[in-house]
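Only one structure is covered here, and it is reproduced in the block below.
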Amino acid sequence: MSHEEHGHEYVPEIATARDGKQYEVQGWQGDFYGGKLGFWLFMLTEVMMFGAMFLTLTYYFSLHHDDFIEASSEFSVLLGGTNTVVLLISALTMGLGLLKMRAGDVKGAKLMIYATMILALVFLAIKGVEWTEDYHDGVFLGLPALQAGNPDSRPLGEILFFGMYFTMTGLHGFHIILGIGLMLWLLKRINAGKVTPEHHILHFNIALYWDLVHLIWVFVFPYFYMIGAGHGH
Amino acid sequence: MLEGFKSQAATFAADVDQALYINLIFSIILAFSVIGPMLYFAWKYRASNVKKEDIENVVHHTGLEITWTLIPTIMMFVLFYYGYTSMRALRTMPDAKNAITINVEGSKWKWRYEYPANANGFVHKVGGAYTKPTMDGHGNVVKNGTMGKSALYVPVGTNIILDMTAPLGDVIHSFYIPAFRMKEDVVPGRITKQWFNATKVGEYDIECAEYCGTDHSYMFSRLVVMPKDKYEAWFNSNADTPKGNYANSGDAVLQRHGCKSCHSIDTDKVLFGPSLKTRRLTKEQVLDVIKNGQNKLGYAMGAMPSGLATGADAEKIAEYVANGMTGTKPASFATCAGCHGEDGKGQYGTAPSLVTYDVDLLRNVLKHGKKGMMGTMPQFPYVTEKEVSAIAEYLNK
Amino acid sequence: MSKSYLEAGETHCAIGHPKSVFWQWMLTIDHKRIGLMYAAVIFTFFFVAVFVALTMRIELFAPGAQILDGDTFNQAFTLHGVIMIFLFIIPGVPAVFGNIVMPLMIGAKDVSFPRLNWFTFWLYIFGALIALSSLWTGEGFADTGWTFYAPYSLNTNTNVITTLVAAFVLGMASILTGLNFLVTIHRLRAPGMDFFKMPLFVWGIYATAWIQLLATPVVGITLVLAILEKVFGIGIFDPSKGGDPVLFEHLFWIYSHPAVYLMILPAFGIMSEIIPTFSRREVFGYRTIALSSASIAGIGYLVWGHHLFTSGMSDLAKTIFSFLTFFVAIPTGIKFYDWVATMYKGQIHMTTPMLWALGTMVTFVIGGLTGVTIAMIGADIHLQDTYYTVAHFHYAMLGGVVFLLFAGLHYWFPLMFGRMYNEKHAKRAFWFNFIGFNMLWFPMFIAGYLGMPRRYFDYLPEFQIYHQISFFGALVFITGLIYMFTVLISAIKKGEKVGPNHWNATTLEWHLPSAPPPLENHSKVPYVDFRPYEYHHGDPVVKFNYETMQRID
Amino acid sequence: MDINTYKAQKSGYYKILGGLLLLTAVTLIQPYMFLENATFGIQLMIGAVKAWLIVMYYMHLKGETLIGWTVGFALALVIFFFAVVMTDVHHFQFKDISYISEQHVSAGEHTQHHEE
Ligand code: HEA
Ligand code: HEA
Ligand code: CUA
Ligand SMILES: [Cu+2]
């Protein structure tokens, strides 16, 4: 698609005040701050969404306190902790990538994006191991242990806990997968010369997105893995 | 007007009406403070009446602006005050010692009441479903419905506390007595409370005000306020209720528990649940059970194993069973006969009848509920043994 | 003279630039065309829901079942509510006029993210299709009411999941619209136009966009949790599994209360445009109107609990919520008094849009004041879930939002199409609508006060008279609606041609080089150093040379 | 961006990483080492500090007035929702007395009750 054909190109416009003073008109193309603001607003919607889920979780925690502690103590702090560190480092690589892009080092930036993607995959792999284990232990959405009213079922509070666990980590995992997709797209745009040190809003926003994904984990992790740590098991 | 609405028959009804009355006056004043000047200006400054030079750009008038912020604000506080005090009147529970506490249960689509034990240790339980009027094809009522078979009996001038709930597995309802201006939701697994003190002997309607499905519109009941001595006499007798005194006939029992709101008894029509006219299983149901087994009814045998018959055999059995065991019995039925008996009528306690509703089957279904191809049948754990047999007998008539 | 945005080829497309006119519309990213497409789709849905409403009114004509049985009636009011709320009124004003006029009013060439705008439109269509698909698949349309209360929605066999998914997708579309408008308003205002030089409609859209952005995700995730609950049975809202149905009510109303202000604020914006224009003078109390929009949006977040007065919530919470609810009425009142004061010493031209606006003043005041009645806790304990509430919200939504939407339609019609409708007929249609509407809904206040619960398909004979008056009101109203749309639709092709500023208005959308406007709006972006409604002796103060957008006054 | 700012920012990133790793370590050992009875509160407090670091430095919120206000507003709303809904939970009474229908008994029923 070429922009020139149908006048899509941004032609800087000037408005003139009555006394002849000139002011630059902001167009929608190439509006870096606009792109950034838009993306922050999008992130606020995520905050509200996870906020509501944490609210639900806290509500049930206060209703089924002991069941929650009990269920939480079954998780492996080791695997969860590793994942926390993996995400932490990936946030760093992502940030460094952006710094490099802004400093003009496109190649270095790409390298950092690759590194981030690998860390994201590691995260998913560990998550996968955990979920598989859960599945083999019979604790998984749809399995009898997580359905009330049959001989194998867990106490109601634990069902809620695990239900929320799979919902929230599932949603978080979905964001990670989405993030990998976004990074692939970003690489494609960099290779096509559409994202450059001068015009890097896409890179900037994806970096923000990645920090958000990390941010969510910062709360998901202690809520599910740590509240029951140190209680038996 | 709704039965008893006008009489403001509870202590706090007047408070609520007073709040509404003050609100009405304020609303009229406020509405006219907007609409009045609007109409006046629209007429006074109509285009044909105003020369361009006379137009004035008044954009600010501190005094006026403060007035129309402050006066409504004060009025708001007044309204809040009355809303609040009438709420306090409605919601401040009297001391349980000076009150009669009655348990209320709302379930699809009936109200049931349970009284404390009387002097003889007898516990009154009243309640059941409302019957719809029967109508001919043109919507004319042929036979009136009944309401009040399920009635809440209370003495006049006494504090009554209602402890309300709904069975787990049911949905939210709302217990509403318009004549008393009171309502509160009835939430499964929770207890919510209301109280009232009726000031006038009489009968008042009770409605369900929270949407609860098919027969939400028919979840009526009746409040009967009696003179104290009459109430005492009723309460201390062991007879059932003056109005809701059900015969223990199967029909009445079905009526009382609201079975008919889901099941049709005299036609084959599938309403919410399957028809209970005998010939109880459809071919699809039988096939499903043969294929997947079933363990929902709590028989001593435990689960019925799956895959006992397959393919054409299964088809034939299904056909045979669904036809109520008529026609030629397929040879493969032998597999079934071991548990369900040669005639398919089941063996007491072991496996259910495939043709009729025997006591055993009913008891199991009512106790455990049933989740099947069509949906979930709720439990009715409080149905007594006597009632179960009555139903079975009735269904097999 | 430049070409109008309606002409073939005069558009930007999301992908490439197809030759076919049809694809030019499907792929268009021009905010005006997208707005028009929204209008077409939204009004189609409006008529579907209206038709469903009519069947409900027929059913309610007399006690007993007339044409619907209980279950069908339950599906009918759910369908009516879901379409009216999620498909019609929530996108309503923002999607149609927010898109068409808001960028024109601030002198922008388009919204900040035109491609996102295009995507949002199709996301909306996608959500609408999912909603409609549930009519024919599975066990039939949901029968939960538009509120989806648990545990009913979890237990019923009807197609609730599809409806929830649809509501979720439509919510996403709404969020993205809000986001787009927020950035547009922050970034693309013409130079010189600070926040207090924006037209009041833009303020309305701005406040609404914040609600769309911050409240919608809450209901979105609630619906997702309900879906997961239905699929996996993990018990999040199911009391028989340790969950809590009242939590659902909280989360639902945390969104759905602010949603009612999401509907009304841009509609109030339309009112604030029409009143000064046809009073030919500056608006009274510009700042208070602007700030009251913001404060209604803000306070609106804090009052959801007034829908839970009888849910078993604690008395303390009831008291707090009731108290806070009253504070919404005050800024709303300020707006109304400002509008009335704007008419003082003006020169009032009783055109069709003005007639609609003044009619709405009457109906919305009734809707709002009855809202105040049910904000009083004691009164609401009696009136909750009765027809009083139903009448309240129809007065607020139909007599407020929809009437103002119609007002806007009549106001911006010459702008959108460059033609005028027949005012004599349009005014007559207004009277049919206005009288029919009041006859339809006023009796319901009385029925509700006397104890007629809502969502009843059959009722006690005592209420028959009210339902019958209401039915005849509905018939008058139908006549009015059909009349109105006939007048407008025939004017699109046959109306008399008019110039760019048919109403002698002051705001920027009326200073375009042509009517209908060209593709990229103003030929040049003006420098804005004037207030939006500057009139002097009944004439706009600010005049432009439409070629250079230089002021010539 | 010139090379000096680049370097400065880079070392800033590493510093924050260090801080975050340290906090993570505290998170991991806390339940076994100290204040075992207040695990939940402590964990969330650490989470909040980490979140603050990430938002301020990795996401460069520092110095953003407009965006900062919007974020603050959203958070304030979430907190209000929490405050109201959470205070409402403990108000409810659960069914514990004999009712007309007997209780539906299913696995784990006890969790319904131990709160009373
Ligand atoms: C456009 C939609 C809209 C609008 C704007 C409003 C506006 C208001 N609403 Fe309404 N409402 C709904 C749509 C709307 N509502 C819907 C859809 C429902 C039901 C949902 C369902 O259950 O299905 C509902 C239900 C509803 C309830 C719950 C009823 C119940 O279920 O029991 C309550 C209770 O407080 C309420 C209150 C209010 C108040 C106080 C306002 C205020 O904002 C009104 C403010 C306006 C005025 C007061 C009038 C003008 C002002 C003056 C003339 C100034 C002077 C006056 C004073 C200072 C009083 N509304
Ligand atoms: C924007 C919102 C909106 C609007 C505009 C309306 C408009 C109308 N509604 Fe509304 N209504 C709701 C939103 C809305 N409604 C909601 C949210 C509910 C709650 C749902 C729930 O409980 O879950 C509700 C519930 C509701 C009920 C209560 C159901 C109950 O509780 O039992 C009723 C009952 O009469 C009703 C009727 C009407 C009527 C008669 C109109 C009328 O004003 C419409 C009038 C128009 C006509 C009658 C015209 C018919 C025209 C044609 C057929 C035209 C033919 C077409 C062409 C020529 C193109 N509605
Ligand atoms: Cu029970 Cu409505
Ligand atoms: Cu509300």
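Here, A, B, ... name the chains of the structure tokens in the order displayed, residue numbers run from 1 inside each chain, and ligands are numbered from 1 in the same displayed order.
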
Under the rule of at most 8 Å, produce a per-residue listing of chain C near ligand 4: chain, number, name, the closest pair of atoms, and the distance in Å, as a Markdown table, using only C-alpha atoms and all ligand atoms.
```
| residue | atom | partner | partner_atom_place_in_ligand_line | distance |
| --- | --- | --- | --- | --- |
| C:Trp253 | CA | ligand 4 | 1 (Cu) | 7.5 |
| C:Ser256 | CA | ligand 4 | 1 (Cu) | 7.2 |
| C:His257 | CA | ligand 4 | 1 (Cu) | 4.2 |
| C:Pro258 | CA | ligand 4 | 1 (Cu) | 7.2 |
| C:Val260 | CA | ligand 4 | 1 (Cu) | 6.8 |
| C:Val303 | CA | ligand 4 | 1 (Cu) | 7.0 |
| C:Trp304 | CA | ligand 4 | 1 (Cu) | 5.6 |
| C:Gly305 | CA | ligand 4 | 1 (Cu) | 7.8 |
| C:His306 | CA | ligand 4 | 1 (Cu) | 6.2 |
| C:His307 | CA | ligand 4 | 1 (Cu) | 6.0 |
```

Atoms to include: all heavy atoms. Write the selected residues as a tab-separated table (two decimals), in the first residue's frame.
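Output contents, as saved in selection_3.tsv:
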```
chain	number	residue	atom	x	y	z
C	253	TRP	N	-23.08	-3.92	38.64
C	253	TRP	CA	-23.51	-2.52	38.72
C	253	TRP	C	-22.36	-1.55	38.82
C	253	TRP	O	-22.51	-0.37	38.52
C	253	TRP	CB	-24.50	-2.33	39.87
C	253	TRP	CG	-25.82	-2.99	39.57
C	253	TRP	CD1	-26.34	-4.08	40.19
C	253	TRP	CD2	-26.75	-2.61	38.55
C	253	TRP	NE1	-27.55	-4.40	39.61
C	253	TRP	CE2	-27.83	-3.51	38.60
C	253	TRP	CE3	-26.78	-1.60	37.59
C	253	TRP	CZ2	-28.92	-3.45	37.75
C	253	TRP	CZ3	-27.87	-1.52	36.74
C	253	TRP	CH2	-28.92	-2.45	36.83
C	256	SER	N	-22.58	-1.03	35.33
C	256	SER	CA	-23.82	-0.66	34.68
C	256	SER	C	-24.42	0.61	35.25
C	256	SER	O	-25.20	1.26	34.59
C	256	SER	CB	-24.82	-1.80	34.75
C	256	SER	OG	-24.30	-2.87	34.02
C	257	HIS	N	-24.07	0.96	36.48
C	257	HIS	CA	-24.53	2.29	36.86
C	257	HIS	C	-23.79	3.38	36.10
C	257	HIS	O	-24.43	4.20	35.46
C	257	HIS	CB	-24.55	2.57	38.36
C	257	HIS	CG	-25.05	3.95	38.54
C	257	HIS	ND1	-26.39	4.26	38.47
C	257	HIS	CD2	-24.40	5.12	38.57
C	257	HIS	CE1	-26.53	5.56	38.48
C	257	HIS	NE2	-25.34	6.11	38.54
C	258	PRO	N	-22.45	3.41	36.16
C	258	PRO	CA	-21.78	4.44	35.34
C	258	PRO	C	-22.26	4.41	33.88
C	258	PRO	O	-22.31	5.44	33.22
C	258	PRO	CB	-20.31	4.06	35.44
C	258	PRO	CG	-20.18	3.39	36.74
C	258	PRO	CD	-21.46	2.66	36.95
C	260	VAL	N	-25.17	4.25	32.77
C	260	VAL	CA	-26.32	5.11	32.47
C	260	VAL	C	-25.86	6.56	32.28
C	260	VAL	O	-26.46	7.30	31.51
C	260	VAL	CB	-27.45	5.02	33.50
C	260	VAL	CG1	-27.80	3.58	33.79
C	260	VAL	CG2	-27.15	5.77	34.77
C	303	VAL	N	-21.80	5.23	43.08
C	303	VAL	CA	-23.17	5.09	43.58
C	303	VAL	C	-23.86	3.79	43.14
C	303	VAL	O	-25.06	3.65	43.31
C	303	VAL	CB	-24.03	6.28	43.11
C	303	VAL	CG1	-23.40	7.57	43.53
C	303	VAL	CG2	-24.24	6.26	41.62
C	304	TRP	N	-23.09	2.83	42.62
C	304	TRP	CA	-23.75	1.65	42.04
C	304	TRP	C	-24.65	0.91	43.02
C	304	TRP	O	-25.61	0.24	42.62
C	304	TRP	CB	-22.70	0.69	41.47
C	304	TRP	CG	-21.96	-0.08	42.52
C	304	TRP	CD1	-22.37	-1.27	43.05
C	304	TRP	CD2	-20.73	0.24	43.15
C	304	TRP	NE1	-21.45	-1.71	43.98
C	304	TRP	CE2	-20.44	-0.80	44.06
C	304	TRP	CE3	-19.83	1.29	43.04
C	304	TRP	CZ2	-19.29	-0.81	44.86
C	304	TRP	CZ3	-18.69	1.28	43.83
C	304	TRP	CH2	-18.44	0.25	44.72
C	305	GLY	N	-24.31	1.07	44.31
C	305	GLY	CA	-25.05	0.32	45.31
C	305	GLY	C	-26.53	0.60	45.38
C	305	GLY	O	-27.28	-0.16	45.97
C	306	HIS	N	-27.01	1.72	44.75
C	306	HIS	CA	-28.44	1.99	44.86
C	306	HIS	C	-29.28	0.96	44.09
C	306	HIS	O	-30.49	0.98	44.19
C	306	HIS	CB	-28.78	3.43	44.47
C	306	HIS	CG	-28.51	3.79	43.05
C	306	HIS	ND1	-27.99	4.99	42.69
C	306	HIS	CD2	-28.67	3.11	41.90
C	306	HIS	CE1	-27.86	5.04	41.38
C	306	HIS	NE2	-28.27	3.91	40.88
C	307	HIS	N	-28.63	0.09	43.32
C	307	HIS	CA	-29.39	-0.99	42.69
C	307	HIS	C	-29.50	-2.19	43.61
C	307	HIS	O	-30.13	-3.18	43.27
C	307	HIS	CB	-28.73	-1.40	41.38
C	307	HIS	CG	-28.73	-0.31	40.36
C	307	HIS	ND1	-29.75	-0.13	39.47
C	307	HIS	CD2	-27.86	0.69	40.12
C	307	HIS	CE1	-29.49	0.92	38.71
C	307	HIS	NE2	-28.35	1.45	39.10
```

Leaving out Met94 of chain A and any residue of its chain fewer than 4 positions from it, which residues lie within 10 Å of it when counting only C-alpha atoms, given as a compact mmCIF listing (two decimals) with all heavy atoms, in the first residue's frame?
```
# COMPACT_ATOMS: atom_id res chain seq x y z
N ILE A 89 13.87 -10.63 34.43
CA ILE A 89 14.98 -10.40 33.51
C ILE A 89 14.45 -10.03 32.13
O ILE A 89 15.01 -9.18 31.44
CB ILE A 89 15.87 -11.65 33.46
CG1 ILE A 89 16.47 -11.87 34.85
CG2 ILE A 89 16.98 -11.47 32.44
CD1 ILE A 89 17.21 -13.15 34.99
N SER A 90 13.34 -10.64 31.76
CA SER A 90 12.82 -10.31 30.43
C SER A 90 12.37 -8.85 30.37
O SER A 90 12.48 -8.21 29.34
CB SER A 90 11.67 -11.24 30.05
OG SER A 90 10.48 -10.82 30.68
N LEU A 98 14.76 -1.32 23.97
CA LEU A 98 14.20 -0.02 23.62
C LEU A 98 15.28 1.06 23.71
O LEU A 98 15.40 1.92 22.83
CB LEU A 98 13.04 0.32 24.55
CG LEU A 98 12.33 1.62 24.25
CD1 LEU A 98 11.72 1.59 22.86
CD2 LEU A 98 11.25 1.90 25.27
N LEU A 99 16.09 0.97 24.76
CA LEU A 99 17.18 1.95 24.88
C LEU A 99 18.09 1.89 23.67
O LEU A 99 18.48 2.92 23.11
CB LEU A 99 18.00 1.65 26.14
CG LEU A 99 17.45 2.12 27.48
CD1 LEU A 99 18.45 1.84 28.58
CD2 LEU A 99 17.15 3.62 27.41
N LYS A 100 18.40 0.68 23.26
CA LYS A 100 19.30 0.53 22.12
C LYS A 100 18.66 1.11 20.86
O LYS A 100 19.32 1.79 20.07
CB LYS A 100 19.63 -0.95 21.90
CG LYS A 100 20.63 -1.49 22.93
CD LYS A 100 21.12 -2.85 22.49
CE LYS A 100 21.78 -3.66 23.57
NZ LYS A 100 22.92 -3.07 24.26
N ALA A 109 19.04 -3.82 19.34
CA ALA A 109 17.65 -3.82 19.76
C ALA A 109 16.99 -5.14 19.38
O ALA A 109 16.29 -5.77 20.18
CB ALA A 109 16.91 -2.65 19.13
N LYS A 110 17.25 -5.56 18.14
CA LYS A 110 16.64 -6.81 17.70
C LYS A 110 17.11 -7.99 18.55
O LYS A 110 16.32 -8.86 18.93
CB LYS A 110 16.98 -7.06 16.22
CG LYS A 110 16.00 -6.35 15.30
CD LYS A 110 16.46 -6.26 13.88
CE LYS A 110 16.61 -7.61 13.21
NZ LYS A 110 17.04 -7.45 11.80
N LEU A 111 18.37 -7.97 18.87
CA LEU A 111 18.93 -9.03 19.71
C LEU A 111 18.19 -9.12 21.04
O LEU A 111 17.83 -10.18 21.53
CB LEU A 111 20.40 -8.72 19.95
CG LEU A 111 21.36 -9.91 19.81
CD1 LEU A 111 21.30 -10.42 18.38
CD2 LEU A 111 22.75 -9.50 20.19
N MET A 112 17.97 -7.95 21.60
CA MET A 112 17.29 -7.90 22.90
C MET A 112 15.86 -8.40 22.78
O MET A 112 15.34 -9.05 23.69
CB MET A 112 17.30 -6.46 23.42
CG MET A 112 18.62 -6.06 24.01
SD MET A 112 18.99 -7.09 25.43
CE MET A 112 20.76 -6.96 25.51
N ILE A 113 15.22 -8.09 21.67
CA ILE A 113 13.85 -8.57 21.49
C ILE A 113 13.86 -10.10 21.41
O ILE A 113 13.03 -10.77 22.02
CB ILE A 113 13.22 -7.96 20.23
CG1 ILE A 113 13.12 -6.44 20.41
CG2 ILE A 113 11.84 -8.54 19.98
CD1 ILE A 113 12.70 -5.71 19.18
N TYR A 114 14.85 -10.62 20.68
CA TYR A 114 14.94 -12.09 20.63
C TYR A 114 15.11 -12.66 22.03
O TYR A 114 14.47 -13.63 22.42
CB TYR A 114 16.13 -12.52 19.76
CG TYR A 114 15.80 -12.50 18.28
CD1 TYR A 114 16.51 -11.69 17.40
CD2 TYR A 114 14.77 -13.29 17.78
CE1 TYR A 114 16.21 -11.66 16.05
CE2 TYR A 114 14.45 -13.27 16.43
CZ TYR A 114 15.18 -12.45 15.58
OH TYR A 114 14.87 -12.43 14.24
N ALA A 115 15.99 -12.03 22.80
CA ALA A 115 16.23 -12.52 24.16
C ALA A 115 14.93 -12.51 24.96
O ALA A 115 14.60 -13.48 25.66
CB ALA A 115 17.27 -11.65 24.84
N THR A 116 14.19 -11.43 24.83
CA THR A 116 12.92 -11.34 25.56
C THR A 116 11.99 -12.46 25.15
O THR A 116 11.33 -13.09 25.98
CB THR A 116 12.25 -9.99 25.29
OG1 THR A 116 13.24 -8.97 25.36
CG2 THR A 116 11.16 -9.72 26.29
N MET A 117 11.95 -12.71 23.85
CA MET A 117 11.05 -13.76 23.38
C MET A 117 11.44 -15.11 23.94
O MET A 117 10.57 -15.91 24.33
CB MET A 117 11.06 -13.80 21.85
CG MET A 117 10.00 -12.89 21.27
SD MET A 117 10.22 -12.54 19.54
CE MET A 117 10.26 -14.13 18.85
N MET A 183 5.86 -9.15 19.54
CA MET A 183 7.30 -8.96 19.30
C MET A 183 7.69 -9.46 17.92
O MET A 183 8.53 -8.85 17.24
CB MET A 183 8.09 -9.70 20.37
CG MET A 183 8.09 -8.95 21.70
SD MET A 183 9.10 -9.78 22.89
CE MET A 183 7.91 -10.33 24.06
N HIS A 203 7.65 0.05 19.06
CA HIS A 203 8.58 -0.58 19.99
C HIS A 203 8.31 -0.09 21.42
O HIS A 203 8.25 -0.87 22.36
CB HIS A 203 10.00 -0.26 19.56
CG HIS A 203 11.02 -1.13 20.23
ND1 HIS A 203 12.33 -1.17 19.82
CD2 HIS A 203 10.92 -1.98 21.27
CE1 HIS A 203 12.99 -2.02 20.59
NE2 HIS A 203 12.17 -2.52 21.48
N PHE A 204 8.13 1.19 21.52
CA PHE A 204 7.90 1.79 22.83
C PHE A 204 6.67 1.19 23.49
O PHE A 204 6.69 0.78 24.66
CB PHE A 204 7.71 3.30 22.63
CG PHE A 204 7.63 4.07 23.91
CD1 PHE A 204 8.78 4.56 24.50
CD2 PHE A 204 6.41 4.30 24.52
CE1 PHE A 204 8.71 5.26 25.69
CE2 PHE A 204 6.34 5.00 25.71
CZ PHE A 204 7.49 5.48 26.29
N ILE A 206 5.12 -1.65 22.82
CA ILE A 206 5.23 -3.08 23.13
C ILE A 206 6.08 -3.26 24.39
O ILE A 206 5.80 -4.13 25.22
CB ILE A 206 5.78 -3.85 21.92
CG1 ILE A 206 4.71 -3.85 20.83
CG2 ILE A 206 6.13 -5.28 22.30
CD1 ILE A 206 5.11 -4.50 19.56
N ALA A 207 7.06 -2.41 24.56
CA ALA A 207 7.84 -2.47 25.80
C ALA A 207 6.95 -2.16 27.00
O ALA A 207 7.02 -2.83 28.04
CB ALA A 207 9.01 -1.49 25.73
N LEU A 208 6.09 -1.17 26.84
CA LEU A 208 5.17 -0.85 27.93
C LEU A 208 4.27 -2.05 28.23
O LEU A 208 4.04 -2.42 29.38
CB LEU A 208 4.27 0.32 27.53
CG LEU A 208 4.81 1.73 27.75
CD1 LEU A 208 3.77 2.74 27.34
CD2 LEU A 208 5.16 1.93 29.21
N TRP A 210 4.86 -5.10 27.75
CA TRP A 210 5.59 -6.17 28.42
C TRP A 210 5.75 -5.87 29.91
O TRP A 210 5.67 -6.76 30.75
CB TRP A 210 6.94 -6.40 27.74
CG TRP A 210 7.48 -7.73 28.12
CD1 TRP A 210 8.55 -7.97 28.93
CD2 TRP A 210 6.95 -9.00 27.76
NE1 TRP A 210 8.71 -9.32 29.10
CE2 TRP A 210 7.74 -9.98 28.39
CE3 TRP A 210 5.86 -9.43 26.97
CZ2 TRP A 210 7.48 -11.34 28.26
CZ3 TRP A 210 5.62 -10.77 26.84
CH2 TRP A 210 6.41 -11.70 27.48
N ASP A 211 6.00 -4.62 30.22
CA ASP A 211 6.10 -4.26 31.63
C ASP A 211 4.79 -4.51 32.35
O ASP A 211 4.76 -4.92 33.51
CB ASP A 211 6.50 -2.78 31.77
CG ASP A 211 7.96 -2.57 31.45
OD1 ASP A 211 8.75 -3.49 31.72
OD2 ASP A 211 8.31 -1.51 30.92
N TYR D 58 10.74 1.53 34.90
CA TYR D 58 10.70 0.80 33.64
C TYR D 58 9.68 1.40 32.69
O TYR D 58 9.86 1.43 31.49
CB TYR D 58 10.38 -0.67 33.88
CG TYR D 58 11.56 -1.51 34.29
CD1 TYR D 58 12.80 -0.93 34.52
CD2 TYR D 58 11.43 -2.89 34.45
CE1 TYR D 58 13.88 -1.70 34.91
CE2 TYR D 58 12.51 -3.67 34.82
CZ TYR D 58 13.74 -3.07 35.06
OH TYR D 58 14.80 -3.83 35.44
```

Please determine the contact residues of chain A with respect to chain D at a cut-off of 7 Å, counting only C-alpha atoms, and supply them as a PyMOL selection string.
chain A and resi 37+44+48+51+55+59+63-64+92+95-96+99+102-103+148-151+153-157+208+211+215+218-219+222+227+229-230

Write the residues of the preceding selection, restricted to C-alpha atoms, as a short mmCIF file (atom, residue, chain, number, x, y, z; two decimals), in the first residue's frame.
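As a result, out11.cif now contains:
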```cif
data_model
loop_
_atom_site.label_atom_id
_atom_site.label_comp_id
_atom_site.auth_asym_id
_atom_site.auth_seq_id
_atom_site.Cartn_x
_atom_site.Cartn_y
_atom_site.Cartn_z
CA LEU A 37 -1.24 8.17 25.71
CA LEU A 44 -5.70 1.21 32.37
CA MET A 48 -9.42 -2.35 35.89
CA GLY A 51 -8.43 -5.18 39.56
CA LEU A 55 -11.33 -8.09 44.05
CA TYR A 59 -13.54 -11.52 48.48
CA LEU A 63 -14.84 -16.07 52.83
CA HIS A 64 -12.82 -19.28 52.59
CA LEU A 92 15.14 -5.78 31.64
CA GLY A 95 13.87 -2.18 28.34
CA LEU A 96 17.43 -2.42 27.12
CA LEU A 99 17.18 1.95 24.88
CA ARG A 102 16.54 4.89 20.72
CA ALA A 103 20.29 5.14 20.75
CA ALA A 148 -18.56 -29.61 43.46
CA GLY A 149 -20.86 -32.42 44.40
CA ASN A 150 -18.99 -35.61 43.66
CA PRO A 151 -16.91 -37.92 45.82
CA SER A 153 -14.25 -33.01 44.81
CA ARG A 154 -12.10 -30.70 46.87
CA PRO A 155 -13.62 -28.43 49.48
CA LEU A 156 -15.53 -25.56 47.90
CA GLY A 157 -13.00 -22.92 48.86
CA LEU A 208 5.17 -0.85 27.93
CA ASP A 211 6.10 -4.26 31.63
CA LEU A 215 3.35 -6.04 36.66
CA VAL A 218 4.05 -9.27 40.49
CA PHE A 219 0.67 -9.62 42.18
CA PRO A 222 2.38 -13.92 45.79
CA ILE A 227 -0.05 -17.00 50.85
CA ALA A 229 3.84 -21.04 51.72
CA GLY A 230 5.22 -22.23 55.01
#
```

Proximity of chain C to ligand 1: per-residue shortest pair, 6 Å limit, only C-alpha atoms and all ligand atoms, as CSV:
```
residue,atom,partner,partner_atom_place_in_ligand_line,distance
C:Val260,CA,ligand 1,2 (C),4.1
C:Tyr261,CA,ligand 1,5 (C),5.5
C:Met263,CA,ligand 1,1 (C),5.4
C:Ile264,CA,ligand 1,1 (C),4.9
C:His306,CA,ligand 1,35 (O),4.6
C:His307,CA,ligand 1,28 (C),4.3
C:Thr325,CA,ligand 1,40 (C),5.5
C:Phe326,CA,ligand 1,40 (C),5.9
C:Val328,CA,ligand 1,43 (O),5.3
C:Ala329,CA,ligand 1,45 (C),4.0
C:Ile330,CA,ligand 1,58 (C),4.7
C:Thr332,CA,ligand 1,51 (C),5.2
C:Gly333,CA,ligand 1,54 (C),3.1
C:Val365,CA,ligand 1,49 (C),4.4
C:Gly368,CA,ligand 1,46 (C),3.5
C:Leu369,CA,ligand 1,48 (C),4.4
C:Gly371,CA,ligand 1,38 (C),3.7
C:Val372,CA,ligand 1,40 (C),4.1
C:Ile374,CA,ligand 1,34 (C),4.4
C:Ala375,CA,ligand 1,35 (O),3.2
C:Asp380,CA,ligand 1,32 (O),5.3
C:Gln384,CA,ligand 1,32 (O),3.3
C:Asp385,CA,ligand 1,31 (O),5.3
C:Thr389,CA,ligand 1,29 (C),5.3
C:Phe393,CA,ligand 1,12 (C),4.3
C:Ala396,CA,ligand 1,1 (C),4.7
C:Met397,CA,ligand 1,1 (C),4.1
C:Val401,CA,ligand 1,1 (C),6.0
```
